[in-house]
Amino acid sequence: MGAGRVAGVTRARALRTRCLGPDGVRNVAGSRTLDDALRYLSATAYRHDVTPGATTAEAQRAVSTTLLWHLRVLAGWQPATGADAVRALAAGFEISNTEQHLRALAADPRRPGPQRLPPPPYRLGALAIAWTRLARTRTPAELRTALAASPWGDPGGDSPAAVATGMRVSAAVRLATEVPDAARWAAARLALLFGREVFVVGRRLPDVSVRRAARLLGGRAVRAGSYADFRQALPATAKWLLDGLDEAANLWRAEARWWDAVERDGRELLRRSRFGPEPVVGAVAVLSADAWRTRGALELAARGGGPGDWPAEVLDAPG
């Protein structure tokens with residue numbers, strides 16, 4: 001066993017202490033004001049980017065920024081294969097940067113009224129996949145060309161919807177391929193994305209994204225003409241997420257179910273004694289779920305918080 005692998009796993013297990021945890025999340029959600037919640041966070045692992053007087057969106061982004069920093073630190077302690085796994089798991093940050101960049105490219109500078117400056121892009125460091133090239137593009141068409149020439153692949157269009165969906169489909173397929181311990185999460189997340197886009201929004205995915213999605217969901221599922229047929233055709237790796245959700249309108253419930261499973265599986269991976277990739281994947285899962293719950297708790301605090309005001313399916317984390 002190499003020293004790099006041992007150090008990387010040791011760091012992964014140490015990062016468990018950076019989570020707010022169920023009690024901390026409930027304390028944030030129970031805050032009577034957003035400022036009260038921010039004061040609480042200022043004494044936690046999320047304190048670095050939290051500032052007094054921040055808006056809800058700014059505070060939630062600060063939580064995400066802290067998560068990204070932890071993932072960058074974790075990746076820095078890994079041998080090459082471990083760093084690749086963290087990069088695949090953190091792909092959502094590059095997707096967020098790209099979506100924001102595309103909105104800026106499409107913005108009309110002649111629009112009247114004050115223009116609110118967008119936040120700076122997430123600083124990805126070694127977790128970047130193709131962001132340096134994507135950030136240099138100057139038109140939506142250039143962005144699509146850059147994506148097509150990168151590991152992301154062609155999203156099938158340069159509209160915001162095509163790019164966002166195409167990148168998420170690509171990220172799911174890459175995650176399932178490169179990180180076997182996360183394959184179940186990737187397939188289920190892709191099923192949720194596909195179901196929302198096709199059967200809730202009523203938007204057909206570009207053909208290239210449909211073909212890519214079929215690699216995880218199967219040809220029958222991506223060709224299904226109804227939500228019921230779609231659910232029935234899903235492989236076991238994805239079907240579990242939609243179990244009991246008989247109507248597409250109820251897919252919103254699957255989000256919390258997915259995070260519950262990711263956190264539960266992540267804790268199990270962290271408990272494994274071997275010095276392999278499992279504890280690293282588990283650490284990313286647990287840290288990410290904690291950040292998701294904390295962002296939700298901040299939203300509830302901004303609405304007035306208080307005991308009993310938060311939905312259990314969002315904030316009740318496994319112990």
# chains A, B, ... in the order shown; residues from 1 in each chain; ligands from 1
call {"tool": "closest_atom_pairs", "arguments": {"of": "region 194-261 of chain A", "to": "region 265-287 of chain A", "cutoff": "12 Å", "atoms": "only C-alpha atoms", "output": "JSON lines"}}
result
{"residue": "A:Trp258", "atom": "CA", "partner": "A:Asp265", "partner_atom": "CA", "distance": 10.6}
{"residue": "A:Trp259", "atom": "CA", "partner": "A:Ala285", "partner_atom": "CA", "distance": 8.8}
{"residue": "A:Asp260", "atom": "CA", "partner": "A:Asp265", "partner_atom": "CA", "distance": 8.5}
{"residue": "A:Ala261", "atom": "CA", "partner": "A:Asp265", "partner_atom": "CA", "distance": 5.9}
call {"tool": "select_by_dssp", "arguments": {"residues": "region 60-288 of chain A", "states": "alpha helix (DSSP H)", "output": "ChimeraX atom specification"}}
result
/A:60-76,80-89,91-106,131-135,140-148,160-178,183-195,207-217,219-222,227-233,236-239,252-271,278-288
call {"tool": "residues_around", "arguments": {"residues": "Trp185 (chain A)", "least_positions_apart": "5", "cutoff": "9 Å", "atoms": "only C-alpha atoms", "output": "MDAnalysis selection string"}}
result
chainID A and resid 172 175:176 190 237:238 258 261:262
call {"tool": "atom_distance", "arguments": {"atom1": "CA of Ala146 (chain A)", "atom2": "CA of Leu134 (chain A)"}}
result
6.1 Å
call {"tool": "atom_distance", "arguments": {"atom1": "CA of Asp49 (chain A)", "atom2": "CA of Thr132 (chain A)"}}
result
23.7 Å
call {"tool": "closest_residue", "arguments": {"among": "A:Gln78, A:Ser31, A:Ser226, A:Thr294", "to": "Arg61 (chain A)", "atoms": "only C-alpha atoms"}}
result
A:Thr294
call {"tool": "closest_residue", "arguments": {"among": "A:Ala85, A:Ala297, A:Ala14, A:Leu102", "to": "Arg32 (chain A)", "atoms": "only C-alpha atoms"}}
result
A:Ala297
call {"tool": "atom_distance", "arguments": {"atom1": "CA of Glu263 (chain A)", "atom2": "CA of Ser170 (chain A)"}}
result
22.6 Å
call {"tool": "residues_around", "arguments": {"residues": "Gly244 (chain A)", "least_positions_apart": "2", "cutoff": "12 Å", "atoms": "only C-alpha atoms", "output": "MDAnalysis selection string"}}
result
chainID A and resid 228 231:232 239:242 246:248 250:251 253:254 257
call {"tool": "write_last_selection", "arguments": {"atoms": "N, CA, C and O atoms", "output": "short mmCIF file (atom, residue, chain, number, x, y, z; two decimals), in the first residue's frame"}}
result
data_model
loop_
_atom_site.label_atom_id
_atom_site.label_comp_id
_atom_site.auth_asym_id
_atom_site.auth_seq_id
_atom_site.Cartn_x
_atom_site.Cartn_y
_atom_site.Cartn_z
N ALA A 228 -45.00 6.38 -16.84
CA ALA A 228 -45.17 5.03 -16.32
C ALA A 228 -44.27 4.04 -17.04
O ALA A 228 -43.61 3.19 -16.41
N ARG A 231 -40.57 4.64 -15.94
CA ARG A 231 -40.26 4.02 -14.65
C ARG A 231 -40.09 2.52 -14.78
O ARG A 231 -39.17 1.93 -14.22
N GLN A 232 -40.98 1.91 -15.53
CA GLN A 232 -40.96 0.46 -15.66
C GLN A 232 -39.70 -0.03 -16.36
O GLN A 232 -39.17 -1.10 -16.05
N LYS A 239 -34.02 2.60 -10.79
CA LYS A 239 -35.46 2.48 -10.49
C LYS A 239 -35.77 2.75 -9.03
O LYS A 239 -36.85 3.26 -8.70
N TRP A 240 -34.86 2.42 -8.13
CA TRP A 240 -35.12 2.57 -6.70
C TRP A 240 -35.48 4.00 -6.32
O TRP A 240 -36.29 4.23 -5.41
N LEU A 241 -34.92 4.98 -7.02
CA LEU A 241 -35.16 6.37 -6.65
C LEU A 241 -36.61 6.79 -6.90
O LEU A 241 -37.16 7.62 -6.17
N LEU A 242 -37.23 6.22 -7.91
CA LEU A 242 -38.59 6.60 -8.29
C LEU A 242 -39.63 5.65 -7.72
O LEU A 242 -40.82 5.77 -8.06
N ASP A 246 -45.63 7.55 -8.42
CA ASP A 246 -46.41 7.10 -9.57
C ASP A 246 -46.72 8.19 -10.57
O ASP A 246 -47.09 7.91 -11.71
N GLU A 247 -46.59 9.45 -10.14
CA GLU A 247 -46.86 10.58 -11.03
C GLU A 247 -45.60 11.41 -11.21
O GLU A 247 -44.86 11.65 -10.25
N ALA A 248 -45.38 11.87 -12.43
CA ALA A 248 -44.20 12.70 -12.69
C ALA A 248 -44.20 13.97 -11.84
O ALA A 248 -43.14 14.48 -11.47
N ASN A 250 -44.71 14.25 -8.88
CA ASN A 250 -44.15 13.98 -7.55
C ASN A 250 -42.64 13.78 -7.56
O ASN A 250 -42.06 13.43 -6.53
N LEU A 251 -42.01 14.01 -8.70
CA LEU A 251 -40.57 13.78 -8.79
C LEU A 251 -39.77 14.67 -7.84
O LEU A 251 -38.63 14.34 -7.50
N ARG A 253 -40.02 14.93 -4.86
CA ARG A 253 -39.73 14.19 -3.64
C ARG A 253 -38.46 13.34 -3.77
O ARG A 253 -37.85 12.96 -2.76
N ALA A 254 -38.08 13.04 -5.00
CA ALA A 254 -36.92 12.17 -5.21
C ALA A 254 -35.61 12.86 -4.86
O ALA A 254 -34.61 12.19 -4.58
N ARG A 257 -34.73 12.07 -1.30
CA ARG A 257 -34.47 10.64 -1.22
C ARG A 257 -33.09 10.32 -1.77
O ARG A 257 -32.37 9.47 -1.23
#
call {"tool": "residues_around", "arguments": {"residues": "region 200-213 of chain A", "least_positions_apart": "6", "cutoff": "12 Å", "atoms": "only C-alpha atoms", "output": "PyMOL selection string"}}
result
chain A and resi 148+152-159+161-174+176+186-194+219-227+234+238+247-252
call {"tool": "closest_residue", "arguments": {"among": "A:Glu178, A:Leu117, A:Ala236, A:Leu217", "to": "Gly195 (chain A)", "atoms": "only C-alpha atoms"}}
result
A:Leu217
call {"tool": "closest_residue", "arguments": {"among": "A:Gly92, A:Gly296, A:Pro151, A:Pro52", "to": "Leu124 (chain A)", "atoms": "only C-alpha atoms"}}
result
A:Gly92
call {"tool": "residues_around", "arguments": {"residues": "Ala83 (chain A)", "least_positions_apart": "3", "cutoff": "12 Å", "atoms": "only C-alpha atoms", "output": "MDAnalysis selection string"}}
result
chainID A and resid 4:5 8:9 12 71:80 86:90 125:129 178:179 277 280:281 284
call {"tool": "residues_around", "arguments": {"residues": "Tyr40 (chain A)", "least_positions_apart": "2", "cutoff": "9 Å", "atoms": "only C-alpha atoms", "output": "list of chain:residue names"}}
result
A:Gly24, A:Asn27, A:Val28, A:Ser31, A:Asp35, A:Asp36, A:Ala37, A:Leu38, A:Ser42, A:Ala43, A:Thr44, A:Arg47
call {"tool": "closest_residue", "arguments": {"among": "A:Arg303, A:Arg133, A:Arg16, A:Arg11", "to": "Asp290 (chain A)", "atoms": "only C-alpha atoms"}}
result
A:Arg16
call {"tool": "closest_residue", "arguments": {"among": "A:Thr139, A:Ala107, A:Pro121, A:Asp243", "to": "Thr65 (chain A)", "atoms": "only C-alpha atoms"}}
result
A:Pro121
